[in-house]
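The structure file coords_12.txt is reproduced below (compact mmCIF, C-alpha atoms).
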```txt
# COMPACT_ATOMS: atom_id res chain seq x y z
CA MET A 898 5.20 -166.48 86.63
CA ARG A 899 2.70 -165.74 89.39
CA THR A 900 0.50 -162.89 90.49
CA LEU A 901 1.62 -160.95 93.53
CA ASP A 902 -0.56 -161.70 96.56
CA PRO A 903 -1.38 -158.37 98.28
CA GLN A 904 -1.79 -160.15 101.63
CA SER A 905 1.84 -161.24 101.55
CA LEU A 906 3.03 -157.63 101.37
CA THR A 907 2.39 -156.89 105.02
CA GLN A 908 5.20 -159.19 106.11
CA HIS A 909 7.76 -156.96 104.36
CA VAL A 910 6.78 -153.67 106.00
CA ASP A 911 9.54 -153.71 108.63
CA ARG A 912 12.36 -154.47 106.21
CA LEU A 913 11.09 -152.04 103.64
CA TYR A 914 10.80 -149.35 106.30
CA ARG A 915 14.45 -149.81 107.31
CA ALA A 916 15.46 -149.69 103.64
CA ALA A 917 13.45 -146.52 103.13
CA TRP A 918 14.92 -144.98 106.28
CA ALA A 919 18.44 -145.64 105.02
CA LEU A 920 17.57 -144.18 101.63
CA CYS A 921 15.95 -141.02 103.00
CA GLY A 922 17.89 -140.60 106.24
CA SER A 923 14.66 -139.65 108.00
CA ARG A 924 12.03 -141.78 109.70
CA GLU A 925 9.15 -139.53 108.67
CA ASP A 926 10.16 -139.55 105.02
CA ALA A 927 10.68 -143.30 105.24
CA GLU A 928 7.09 -143.80 106.39
CA ASP A 929 5.78 -141.74 103.51
CA LEU A 930 8.02 -143.55 101.03
CA VAL A 931 6.89 -147.00 102.19
CA GLN A 932 3.25 -145.97 102.07
CA GLU A 933 3.67 -144.57 98.56
CA THR A 934 5.48 -147.74 97.49
CA PHE A 935 2.65 -149.98 98.66
CA THR A 936 0.10 -147.66 97.08
CA ARG A 937 1.89 -148.03 93.75
CA VAL A 938 2.25 -151.78 94.05
CA LEU A 939 -1.45 -152.19 94.86
CA ALA A 940 -2.58 -149.85 92.09
CA ARG A 941 -2.80 -152.75 89.64
CA PRO A 942 -2.24 -156.51 89.59
CA ARG A 943 1.43 -157.43 89.45
CA VAL A 944 2.99 -160.47 87.85
CA LEU A 945 6.26 -161.68 89.35
CA SER A 946 8.75 -163.72 87.41
CA GLY A 947 10.43 -165.19 90.51
CA ASP A 948 9.36 -166.55 93.86
CA ASP A 949 10.62 -163.74 96.02
CA GLU A 950 8.66 -160.52 95.98
CA LEU A 951 11.20 -158.60 98.05
CA TYR A 952 13.40 -157.75 95.09
CA TYR A 953 10.30 -156.54 93.27
CA LEU A 954 9.36 -154.32 96.22
CA MET A 955 12.91 -152.97 96.23
CA ARG A 956 12.52 -152.07 92.56
CA VAL A 957 9.28 -150.17 93.23
CA LEU A 958 10.81 -148.56 96.32
CA ARG A 959 13.75 -147.37 94.22
CA ASN A 960 11.50 -145.98 91.50
CA THR A 961 9.26 -144.26 94.04
CA PHE A 962 12.28 -142.83 95.84
CA LEU A 963 13.81 -141.47 92.64
CA THR A 964 10.48 -140.03 91.48
CA SER A 965 9.85 -138.36 94.83
CA ARG A 966 13.32 -136.82 94.75
CA ARG A 967 12.74 -135.44 91.28
CA THR A 968 9.35 -134.08 92.35
CA ALA A 969 10.84 -132.53 95.47
CA SER A 970 13.53 -130.81 93.43
CA ARG A 971 10.83 -129.14 91.32
CA ARG A 972 8.88 -127.81 94.30
CA PRO A 973 8.83 -124.02 94.47
CA ILE A 974 9.72 -122.51 97.83
CA THR A 975 11.22 -124.30 100.78
CA VAL A 976 10.89 -122.44 104.03
CA ALA A 977 11.54 -125.38 106.32
CA THR A 978 11.58 -129.13 106.14
CA LEU A 979 9.37 -131.38 108.17
CA GLU A 980 12.49 -133.01 109.56
CA ASP A 981 13.18 -129.70 111.26
CA VAL A 982 9.75 -129.01 112.56
CA VAL A 983 7.91 -132.24 113.20
CA ALA A 984 8.87 -134.43 116.07
CA ALA A 985 9.78 -137.98 115.18
CA ASP A 986 7.52 -140.84 116.12
CA PRO A 987 7.35 -140.36 119.88
CA ARG A 988 7.30 -144.08 120.55
CA PRO A 989 10.85 -145.20 121.19
CA LEU A 990 12.26 -148.19 119.40
CA GLY A 991 12.84 -151.30 121.45
CA GLN A 992 16.49 -150.58 122.26
CA PRO A 993 17.37 -146.90 122.65
CA GLU A 994 21.08 -147.46 122.02
CA GLN A 995 20.37 -149.29 118.80
CA ALA A 996 17.86 -146.63 117.80
CA LEU A 997 20.51 -143.94 118.21
CA GLU A 998 23.06 -146.01 116.38
CA MET A 999 20.63 -146.70 113.55
CA GLN A 1000 19.78 -143.04 113.27
CA GLU A 1001 23.43 -142.14 112.90
CA VAL A 1002 24.30 -144.92 110.50
CA TYR A 1003 21.26 -144.40 108.31
CA ALA A 1004 21.91 -140.67 108.23
CA THR A 1005 25.42 -141.50 107.02
CA ILE A 1006 24.08 -143.81 104.33
CA ALA A 1007 21.69 -141.09 103.18
CA THR A 1008 24.70 -138.91 102.30
CA LEU A 1009 26.20 -141.51 99.94
CA PRO A 1010 25.91 -141.04 96.19
CA GLU A 1011 22.60 -142.42 95.00
CA ASP A 1012 23.92 -145.47 93.14
CA ARG A 1013 26.08 -146.64 96.07
CA ARG A 1014 23.30 -145.95 98.54
CA LEU A 1015 20.83 -148.08 96.58
CA ALA A 1016 23.30 -150.96 96.31
CA LEU A 1017 24.05 -150.86 100.04
CA VAL A 1018 20.38 -150.68 100.96
CA ALA A 1019 19.43 -153.53 98.63
CA VAL A 1020 22.09 -155.93 99.88
CA ASP A 1021 22.93 -155.00 103.47
CA VAL A 1022 19.68 -153.46 104.69
CA LEU A 1023 17.09 -155.39 102.73
CA GLY A 1024 19.14 -158.60 102.57
CA LEU A 1025 18.88 -159.26 98.84
CA SER A 1026 21.45 -161.41 97.09
CA TYR A 1027 23.76 -159.70 94.61
CA ARG A 1028 21.73 -161.20 91.77
CA GLU A 1029 18.40 -159.97 93.21
CA ALA A 1030 19.87 -156.55 93.89
CA ALA A 1031 21.13 -156.38 90.32
CA ARG A 1032 17.65 -157.27 89.02
CA ALA A 1033 15.95 -154.78 91.35
CA LEU A 1034 18.28 -151.94 90.42
CA ARG A 1035 18.58 -152.98 86.76
CA VAL A 1036 22.35 -153.16 86.71
CA ARG A 1037 24.92 -155.94 86.32
CA GLU A 1038 26.00 -158.02 89.30
CA ALA A 1039 29.55 -156.78 88.89
CA THR A 1040 28.29 -153.21 89.20
CA ILE A 1041 26.54 -154.10 92.44
CA THR A 1042 29.78 -155.58 93.78
CA THR A 1043 31.74 -152.44 92.98
CA ARG A 1044 29.14 -150.03 94.30
CA LEU A 1045 28.64 -152.05 97.45
CA PHE A 1046 32.38 -152.16 98.13
CA ARG A 1047 32.68 -148.41 97.74
CA ALA A 1048 29.57 -147.73 99.79
CA ARG A 1049 30.73 -149.87 102.72
CA LYS A 1050 34.15 -148.29 102.59
CA GLN A 1051 32.69 -144.82 102.67
CA VAL A 1052 30.34 -145.66 105.53
CA ALA A 1053 33.18 -147.19 107.55
CA HIS A 1054 35.24 -144.09 106.88
CA GLU A 1055 32.41 -141.73 107.87
CA LEU A 1056 31.87 -143.60 111.12
CA GLU A 1057 35.55 -143.34 112.10
CA PRO A 1058 36.15 -140.99 115.04
CA ALA A 1059 37.34 -137.61 113.73
CA PRO A 1060 40.95 -136.73 114.48
CA GLY A 1061 41.05 -134.34 117.41
CA SER A 1062 37.85 -135.67 118.89
CA PRO A 1063 37.91 -136.61 122.58
CA ALA A 1064 38.34 -140.25 121.59
CA SER A 1065 41.54 -139.57 119.75
CA ALA A 1066 42.72 -136.98 122.27
CA ASP A 1067 42.45 -139.48 125.09
CA ALA A 1068 43.94 -142.31 123.09
CA PRO A 1069 47.13 -143.96 124.35
CA VAL A 1070 50.45 -142.39 123.30
CA ALA A 1071 51.09 -145.18 120.84
CA PRO A 1072 47.72 -145.36 119.07
CA GLN A 1073 46.35 -148.78 118.37
CA PRO A 1074 44.87 -149.53 114.97
CA HIS A 1075 41.26 -148.51 115.39
CA THR A 1076 39.54 -150.96 113.13
CA PRO A 1077 35.78 -150.89 112.82
CA ALA A 1078 35.56 -154.38 114.29
CA ILE A 1079 37.22 -153.12 117.44
CA ARG A 1080 34.99 -150.09 117.56
CA ARG A 1081 31.98 -152.34 117.30
CA GLU A 1082 33.10 -154.27 120.37
CA GLU A 1083 33.58 -151.01 122.26
CA THR A 1084 30.10 -150.01 121.26
CA ARG A 1085 28.64 -153.15 122.70
CA ALA A 1086 30.64 -152.83 125.91
CA SER A 1087 30.00 -149.18 126.65
CA GLY A 1088 26.76 -148.51 124.83
CA VAL A 1089 28.43 -145.64 123.06
CA LEU A 1090 28.16 -144.97 119.37
CA PRO A 1091 31.19 -145.33 117.15
CA GLY A 1092 32.37 -141.98 115.97
CA ARG A 1093 30.63 -140.14 118.80
CA GLY A 1094 33.97 -139.11 120.19
CA THR A 1095 33.51 -140.51 123.67
CA PRO A 1096 36.59 -141.94 125.38
CA MET B 692 47.48 -171.50 104.91
CA THR B 693 44.75 -168.89 105.18
CA GLU B 694 45.54 -165.22 104.72
CA ARG B 695 44.87 -162.78 107.51
CA PRO B 696 41.98 -160.45 106.76
CA THR B 697 43.11 -156.99 105.77
CA GLN B 698 41.71 -153.82 107.26
CA ILE B 699 39.64 -153.39 104.11
CA ASP B 700 38.09 -156.83 104.67
CA GLU B 701 37.38 -155.88 108.26
CA GLU B 702 35.73 -152.63 107.17
CA GLN B 703 33.55 -154.37 104.65
CA ARG B 704 32.47 -157.04 107.11
CA TYR B 705 31.90 -154.53 109.88
CA VAL B 706 29.51 -152.39 107.85
CA ALA B 707 27.63 -155.40 106.49
CA GLU B 708 27.23 -156.94 109.96
CA LEU B 709 26.29 -153.62 111.51
CA LEU B 710 23.52 -153.01 108.99
CA ARG B 711 22.21 -156.55 109.22
CA SER B 712 22.09 -156.33 113.01
CA PHE B 713 19.50 -153.54 112.89
CA ASP B 714 16.05 -154.97 113.42
CA ALA B 715 13.91 -151.97 114.37
CA PRO B 716 10.29 -152.56 113.41
CA ALA B 717 8.26 -150.06 111.43
CA PRO B 718 5.96 -147.87 113.55
CA ALA B 719 2.59 -149.40 114.34
CA ARG B 720 0.83 -146.61 112.47
CA LEU B 721 2.69 -147.54 109.26
CA HIS B 722 1.64 -151.17 109.69
CA ARG B 723 -1.93 -150.00 110.14
CA ARG B 724 -1.77 -147.85 107.03
CA VAL B 725 -0.38 -150.66 104.89
CA GLU B 726 -2.98 -153.10 106.25
CA SER B 727 -5.64 -150.54 105.43
CA LEU B 728 -4.28 -150.18 101.88
CA VAL B 729 -4.35 -153.95 101.41
CA ALA B 730 -7.89 -154.15 102.88
CA ASP B 731 -9.09 -151.38 100.53
CA HIS B 732 -7.48 -153.19 97.63
CA ASN B 733 -9.29 -156.42 98.54
CA LYS B 734 -12.62 -154.59 98.86
CA GLY B 735 -12.27 -153.07 95.38
CA PRO B 736 -13.85 -154.48 92.25
CA ALA B 737 -12.63 -157.85 91.05
CA ARG B 738 -9.48 -157.30 89.05
CA ARG B 739 -8.67 -159.14 85.92
CA ASP B 740 -5.49 -161.13 85.66
CA PRO B 741 -3.19 -158.79 83.73
CA ARG B 742 -1.94 -161.69 81.62
CA SER B 743 -5.43 -162.21 80.27
CA VAL B 744 -5.90 -158.59 79.23
CA GLY B 745 -3.88 -158.81 76.04
CA ARG B 746 -5.51 -162.09 75.05
CA ALA B 747 -9.00 -160.69 75.62
CA TRP B 748 -8.27 -157.73 73.38
CA SER B 749 -6.70 -159.83 70.69
CA ARG B 750 -9.67 -162.18 70.56
CA ARG B 751 -12.23 -159.39 70.16
CA PRO B 752 -13.45 -159.35 66.53
CA PHE B 753 -13.61 -156.02 64.69
CA SER B 754 -17.19 -154.84 64.40
CA VAL B 755 -18.39 -151.89 62.27
CA LEU B 756 -21.50 -151.64 64.45
CA GLY B 757 -19.35 -151.48 67.58
CA PHE B 758 -17.14 -148.83 66.01
CA VAL B 759 -20.14 -146.65 65.10
CA GLY B 760 -21.63 -147.18 68.58
CA ALA B 761 -18.41 -146.08 70.23
CA GLY B 762 -18.31 -142.95 68.08
CA ALA B 763 -21.88 -142.05 69.00
CA ALA B 764 -21.15 -142.55 72.67
CA ALA B 765 -18.11 -140.27 72.46
CA ALA B 766 -20.21 -137.58 70.76
CA VAL B 767 -22.84 -137.79 73.51
CA VAL B 768 -20.15 -137.42 76.17
CA VAL B 769 -18.73 -134.34 74.43
CA VAL B 770 -22.19 -132.73 74.21
CA VAL B 771 -22.89 -133.41 77.91
CA VAL B 772 -19.54 -131.93 78.95
CA VAL B 773 -20.16 -128.78 76.90
CA VAL B 774 -23.69 -128.35 78.31
CA VAL B 775 -22.50 -128.78 81.91
CA ALA B 776 -19.63 -126.33 81.37
CA LEU B 777 -21.98 -123.75 79.88
CA ALA B 778 -24.43 -124.20 82.75
CA VAL B 779 -21.68 -123.59 85.29
CA VAL B 780 -20.34 -120.54 83.47
CA LEU B 781 -23.70 -118.95 82.76
CA SER B 782 -25.50 -119.68 86.01
CA GLY B 783 -23.52 -117.18 88.07
CA SER B 784 -25.58 -118.13 91.10
CA SER B 785 -22.91 -120.13 92.91
CA SER B 786 -20.64 -118.36 95.40
CA PRO B 787 -17.16 -117.48 94.22
CA PRO B 788 -14.57 -120.00 95.41
CA LEU B 789 -12.83 -119.28 98.67
CA ASN B 790 -9.20 -118.30 98.26
CA MET B 791 -6.34 -118.48 100.72
CA HIS B 792 -6.41 -114.75 101.39
CA GLN B 793 -10.04 -114.99 102.50
CA ALA B 794 -9.53 -118.23 104.42
CA ALA B 795 -6.60 -116.84 106.40
CA ALA B 796 -8.20 -113.46 107.13
CA PRO B 797 -10.22 -114.52 110.25
CA THR B 798 -7.12 -116.00 111.87
CA LEU B 799 -5.67 -112.49 112.17
CA ARG B 800 -8.85 -110.79 113.41
CA ALA B 801 -10.01 -110.25 116.98
CA ALA B 802 -11.95 -112.82 118.98
CA THR B 803 -15.64 -112.15 119.52
CA ARG B 804 -16.51 -114.99 121.88
CA SER B 805 -15.01 -116.57 124.96
CA ALA B 806 -12.43 -119.34 124.66
CA PRO B 807 -13.62 -122.94 124.40
CA ARG B 808 -12.62 -125.25 127.23
CA GLN B 809 -10.70 -128.49 127.16
CA SER B 810 -12.91 -131.45 126.30
CA SER B 811 -13.82 -133.64 129.24
CA THR B 812 -13.75 -136.78 127.07
CA ASN B 813 -10.50 -136.18 125.17
CA ASN B 814 -7.75 -134.16 126.81
CA ALA B 815 -6.12 -133.44 123.45
CA GLU B 816 -9.17 -131.55 122.19
CA LEU B 817 -11.26 -128.49 122.97
CA THR B 818 -15.03 -128.54 123.18
CA ALA B 819 -15.35 -126.42 120.02
CA ALA B 820 -15.80 -128.26 116.73
CA VAL B 821 -16.94 -127.82 113.12
CA ASN B 822 -19.00 -130.70 111.76
CA GLY B 823 -17.39 -133.00 114.32
CA VAL B 824 -13.84 -131.80 113.60
CA LYS B 825 -12.58 -130.68 117.00
CA PHE B 826 -10.09 -127.92 117.67
CA PRO B 827 -6.94 -129.17 119.41
CA TYR B 828 -5.96 -128.52 123.01
CA TRP B 829 -2.30 -127.39 123.02
CA GLU B 830 -1.79 -125.81 126.42
CA ASP B 831 -0.13 -128.68 128.29
CA ARG B 832 1.85 -129.93 125.34
CA PHE B 833 3.00 -126.74 123.63
CA GLY B 834 2.05 -123.89 125.98
CA TRP B 835 -0.51 -122.40 123.56
CA ARG B 836 -3.67 -121.58 125.57
CA SER B 837 -7.04 -121.04 123.88
CA THR B 838 -8.03 -117.41 124.43
CA GLY B 839 -11.08 -116.77 122.28
CA MET B 840 -13.18 -117.65 119.31
CA ARG B 841 -15.09 -116.10 116.42
CA SER B 842 -17.45 -117.16 113.64
CA ASP B 843 -17.59 -115.72 110.13
CA GLN B 844 -19.40 -116.34 106.88
CA ILE B 845 -17.00 -116.14 103.96
CA ALA B 846 -17.85 -116.94 100.33
CA GLY B 847 -20.94 -118.79 101.51
CA ARG B 848 -19.09 -120.93 104.00
CA ALA B 849 -19.12 -120.88 107.78
CA VAL B 850 -15.65 -120.34 109.18
CA THR B 851 -14.99 -120.94 112.87
CA THR B 852 -11.73 -119.70 114.35
CA VAL B 853 -10.20 -120.43 117.73
CA PHE B 854 -7.38 -118.22 118.97
CA TYR B 855 -4.43 -119.39 121.05
CA SER B 856 -1.75 -117.38 122.86
CA ASP B 857 1.59 -118.38 124.31
CA ALA B 858 3.45 -117.05 127.34
CA SER B 859 5.24 -114.39 125.28
CA GLY B 860 1.96 -112.96 124.03
CA ARG B 861 2.11 -114.29 120.48
CA ARG B 862 -1.23 -115.25 118.99
CA ILE B 863 -2.33 -117.93 116.55
CA GLY B 864 -5.70 -118.28 114.82
CA TYR B 865 -6.89 -121.76 113.88
CA ALA B 866 -9.77 -121.71 111.39
CA ILE B 867 -11.87 -124.65 110.21
CA ILE B 868 -13.98 -124.05 107.12
CA ALA B 869 -17.28 -125.89 107.02
CA GLY B 870 -18.79 -127.55 103.98
CA HIS B 871 -17.96 -130.20 101.42
CA PRO B 872 -16.03 -130.35 99.25
CA ALA B 873 -13.30 -128.36 100.93
CA PRO B 874 -12.12 -125.35 98.94
CA ARG B 875 -9.02 -125.98 96.84
CA ILE B 876 -6.02 -123.91 97.83
CA ASN B 877 -3.09 -123.40 95.47
CA GLY B 878 0.37 -121.89 95.72
CA GLY B 879 3.05 -122.00 98.39
CA ALA B 880 5.18 -124.98 99.26
CA VAL B 881 3.77 -128.38 100.10
CA PHE B 882 5.21 -130.53 102.89
CA TRP B 883 4.06 -134.08 103.42
CA HIS B 884 3.79 -135.64 106.84
CA SER B 885 2.18 -138.98 107.58
CA GLY B 886 0.50 -138.92 104.21
CA VAL B 887 -1.05 -135.47 104.70
CA PRO B 888 0.04 -132.53 102.52
CA TYR B 889 0.56 -129.25 104.41
CA ARG B 890 0.64 -126.11 102.29
CA VAL B 891 2.82 -123.28 103.60
CA LEU B 892 2.65 -119.72 102.30
CA THR B 893 2.63 -116.14 103.46
CA GLU B 894 -0.46 -113.89 103.58
CA ASN B 895 -0.44 -110.28 104.79
CA GLY B 896 3.05 -110.74 106.19
CA ALA B 897 2.09 -113.75 108.30
CA ALA B 898 3.00 -117.39 107.72
CA VAL B 899 -0.03 -119.54 106.91
CA VAL B 900 -0.37 -123.32 106.90
CA SER B 901 -3.39 -125.07 105.40
CA TRP B 902 -4.32 -128.74 105.27
CA LEU B 903 -7.36 -131.02 105.36
CA ARG B 904 -8.83 -132.74 108.40
CA ASP B 905 -11.64 -135.18 107.68
CA GLY B 906 -12.35 -133.34 104.44
CA HIS B 907 -12.42 -129.90 106.06
CA LEU B 908 -9.99 -127.17 105.15
CA CYS B 909 -8.03 -126.00 108.19
CA VAL B 910 -5.95 -122.82 108.21
CA ILE B 911 -3.56 -121.73 110.92
CA SER B 912 -1.72 -118.44 111.00
CA GLY B 913 -0.19 -115.92 113.37
CA ARG B 914 1.94 -112.82 113.18
CA GLY B 915 5.48 -113.34 114.38
CA VAL B 916 5.03 -117.11 114.50
CA SER B 917 7.31 -119.08 112.21
CA SER B 918 6.01 -121.47 109.60
CA ALA B 919 8.03 -124.19 111.34
CA THR B 920 6.07 -123.67 114.56
CA LEU B 921 2.80 -123.59 112.66
CA LEU B 922 3.69 -126.80 110.83
CA ARG B 923 4.60 -128.53 114.04
CA LEU B 924 1.30 -127.53 115.64
CA ALA B 925 -0.72 -128.35 112.53
CA SER B 926 0.77 -131.81 112.12
CA TRP B 927 0.34 -132.74 115.78
CA SER B 928 -2.68 -134.85 116.44
CA ASP B 929 -4.33 -136.60 119.33
CA ARG B 930 -2.79 -139.85 118.03
CA ASP B 931 0.61 -138.37 118.86
CA ALA B 932 -0.67 -137.42 122.27
CA SER B 933 -1.91 -140.89 123.05
CA ALA B 934 1.28 -142.51 121.75
CA SER B 935 3.69 -140.43 123.81
```
Now, as a test, write the supplied structure out as structure tokens.
Amino acid sequence: MRTLDPQSLTQHVDRLYRAAWALCGSREDAEDLVQETFTRVLARPRVLSGDDELYYLMRVLRNTFLTSRRTASRRPITVATLEDVVAADPRPLGQPEQALEMQEVYATIATLPEDRRLALVAVDVLGLSYREAARALRVREATITTRLFRARKQVAHELEPAPGSPASADAPVAPQPHTPAIRREETRASGVLPGRGTP
Amino acid sequence: MTERPTQIDEEQRYVAELLRSFDAPAPARLHRRVESLVADHNKGPARRDPRSVGRAWSRRPFSVLGFVGAGAAAAVVVVVVVVVALAVVLSGSSSPPLNMHQAAAPTLRAATRSAPRQSSTNNAELTAAVNGVKFPYWEDRFGWRSTGMRSDQIAGRAVTTVFYSDASGRRIGYAIIAGHPAPRINGGAVFWHSGVPYRVLTENGAAVVSWLRDGHLCVISGRGVSSATLLRLASWSDRDASAS
């Protein structure tokens, strides 16, 4: 048992931001979610049972995310969303191709059912072990395994080029198996996103 | 003999590797905000170790004197609250609170003074300001040129409005209400951006957006201008200008 050191929180901002982005599907909402998460964590002293505070932050992030979604669903009128009207952070990320790819992949993750999305974010985005993810999300490890499997499968499926897209139209007469691993190599070579439909 | 990975294995590995390869950092402004939260936390009063809280309570002996003292204190608090409430209700001397209808009204009126110029020290601001809160300069960035200005006194507060027009002749009024604390505005839909709540509603057939800047209520409105445009303008700041 130890008390959480607030100073140590700043080292997790980047990872937590990516996790929040994948949960929300929007960079602006991710910023707000991370800020709200840290505000909650700092609201009172916290006692951790383990050494790693990341799983604890994931738990608070999850709770904050779920609460904000419930609150948003109770809001009265929605005339527009800030995603529509407010420009994203004008500073580009380090690698534009990766930024575009991230945007697309995270937007895909944001469409997953909530339980799968949280499992995928905890393990693949935040880098928690299955055990830590299970503790953070308050489920059994076996549940994490199942949800993660289904989430990855769905993401891989969503990122497949759509039939009839230029990619498939220009494909050779005898189509090759288009596995994600192959698509990833193509992405690196051409700088084109998987599923963008570019030959 | 090892088995060849199936397509399902490939899919699973692909997604996991793809997600782990992303290493985009959080925006600098988010880092600054978190650092500021941590700094504020450290500046706050010394906090007790939560594990000691239960022990401290359990060690405290029951005291009849303490119990009576606490009851007396509670009674005093109740009396004070009642007296203050009565004083507020009966005084009748304070101005009625400003409502959204009143706050938005000047933004749809005519200008009475010439337009303020762009600030020579900050090209994202105009020279006009209310208690140090400057009006924004939008011409280069959004095509909204400042065209005039007016001052009003509403519900005991000074309201300064700057008007902007775009190439198609549409007009927006941007009002800043002086005085602390800022009037509370209710109703409409709230949209959060960068930690700031923006309230969107409709008044007299025009979309209105209100929010706080440095503790001052700001209201922006214009006929024929969408709430999306108003939100975009309202949430733009000179920080965005310097970052782009």
Report task. Using all atoms listed in the file, select each residue of chain B with any atom at most 7 Å away from an atom of chain A, and give the selection as a PyMOL selection string. Result -> chain B and resi 698+701-703+705-707+710-711+713+715-717+721-722+725-726+728-729+732+740-741+879-880+882+884-886+919-920+922-923+934-935
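For the pair atom CA of Ser926 of chain B and atom CA of Arg804 of chain B, the separation is 26.0 Å.
The interatomic distance for the pair atom CA of Ile911 of chain B and atom CA of Gly847 of chain B works out to 20.0 Å.
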May I have the centre and edge lengths, in Å to one decimal, of an axis-aligned box around the listed atoms of segment 696-712 of chain B with 3 Å added to every side, as JSON?
```
{"center_x": 32.6, "center_y": -156.4, "center_z": 108.6, "size_x": 27.0, "size_y": 14.1, "size_z": 14.9}
```
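Here atom CA of Pro807 of chain B stands at a distance of 7.0 Å from atom CA of Gly839 of chain B.
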Query raised in the report: Near Tyr865 of chain B, counting only C-alpha atoms, which residues have an atom at most 10 Å away, once you skip same-chain residues fewer than 3 positions from it, shown as a PyMOL selection string?
Result: chain B and resi 795+797-799+826-827+840+851-855+900-901+909-913+921+925
C-alpha atoms of the current selection, written as a short mmCIF file (atom, residue, chain, number, x, y, z; two decimals), in the coordinates of the input:
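After the write, part.cif holds the following:
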```cif
data_model
loop_
_atom_site.label_atom_id
_atom_site.label_comp_id
_atom_site.auth_asym_id
_atom_site.auth_seq_id
_atom_site.Cartn_x
_atom_site.Cartn_y
_atom_site.Cartn_z
CA ALA B 795 -6.60 -116.84 106.40
CA PRO B 797 -10.22 -114.52 110.25
CA THR B 798 -7.12 -116.00 111.87
CA LEU B 799 -5.67 -112.49 112.17
CA PHE B 826 -10.09 -127.92 117.67
CA PRO B 827 -6.94 -129.17 119.41
CA MET B 840 -13.18 -117.65 119.31
CA THR B 851 -14.99 -120.94 112.87
CA THR B 852 -11.73 -119.70 114.35
CA VAL B 853 -10.20 -120.43 117.73
CA PHE B 854 -7.38 -118.22 118.97
CA TYR B 855 -4.43 -119.39 121.05
CA VAL B 900 -0.37 -123.32 106.90
CA SER B 901 -3.39 -125.07 105.40
CA CYS B 909 -8.03 -126.00 108.19
CA VAL B 910 -5.95 -122.82 108.21
CA ILE B 911 -3.56 -121.73 110.92
CA SER B 912 -1.72 -118.44 111.00
CA GLY B 913 -0.19 -115.92 113.37
CA LEU B 921 2.80 -123.59 112.66
CA ALA B 925 -0.72 -128.35 112.53
#
```
**Report entry** Selected residue of minimal separation from Leu1025 of chain A among A:Leu954, A:Ala1007, A:Leu963, A:Val938, counting all atoms listed in the file
**Finding:** A:Leu954
Requested in this report: With a distance cut-off of 10 Å and only C-alpha atoms, select the neighbouring residues of Ala1033 of chain A, excluding the residue or stretch itself and same-chain residues fewer than 2 positions from it, and output the selection as a PyMOL selection string.
Outcome: chain A and resi 951-960+1015-1016+1019+1025+1027-1031+1035-1036
As a short mmCIF file (atom, residue, chain, number, x, y, z; two decimals), keeping the file's coordinate frame, could you write out segment 869-880 of chain B once it has been completed with N, CA and C atoms?
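selection-v8.cif, freshly written:
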```
data_model
loop_
_atom_site.label_atom_id
_atom_site.label_comp_id
_atom_site.auth_asym_id
_atom_site.auth_seq_id
_atom_site.Cartn_x
_atom_site.Cartn_y
_atom_site.Cartn_z
N ALA B 869 -16.25 -124.87 107.13
CA ALA B 869 -17.28 -125.89 107.02
C ALA B 869 -17.64 -126.14 105.55
N GLY B 870 -18.25 -127.26 105.31
CA GLY B 870 -18.79 -127.55 103.98
C GLY B 870 -17.93 -128.46 103.14
N HIS B 871 -18.64 -129.27 102.34
CA HIS B 871 -17.96 -130.20 101.42
C HIS B 871 -18.31 -129.82 99.99
N PRO B 872 -17.43 -129.99 99.04
CA PRO B 872 -16.03 -130.35 99.25
C PRO B 872 -15.25 -129.15 99.79
N ALA B 873 -14.12 -129.44 100.39
CA ALA B 873 -13.30 -128.36 100.93
C ALA B 873 -12.78 -127.50 99.78
N PRO B 874 -12.66 -126.20 100.00
CA PRO B 874 -12.12 -125.35 98.94
C PRO B 874 -10.70 -125.78 98.57
N ARG B 875 -10.38 -125.63 97.29
CA ARG B 875 -9.02 -125.98 96.84
C ARG B 875 -8.12 -124.75 97.02
N ILE B 876 -6.97 -124.99 97.61
CA ILE B 876 -6.02 -123.91 97.83
C ILE B 876 -4.78 -124.21 97.00
N ASN B 877 -4.29 -123.21 96.30
CA ASN B 877 -3.09 -123.40 95.47
C ASN B 877 -1.96 -122.50 95.96
N GLY B 878 -0.78 -122.73 95.43
CA GLY B 878 0.37 -121.89 95.72
C GLY B 878 1.13 -122.35 96.95
N GLY B 879 2.24 -121.68 97.22
CA GLY B 879 3.05 -122.00 98.39
C GLY B 879 3.85 -123.28 98.20
N ALA B 880 4.38 -123.75 99.28
CA ALA B 880 5.18 -124.98 99.26
C ALA B 880 4.41 -126.07 99.99
#
```
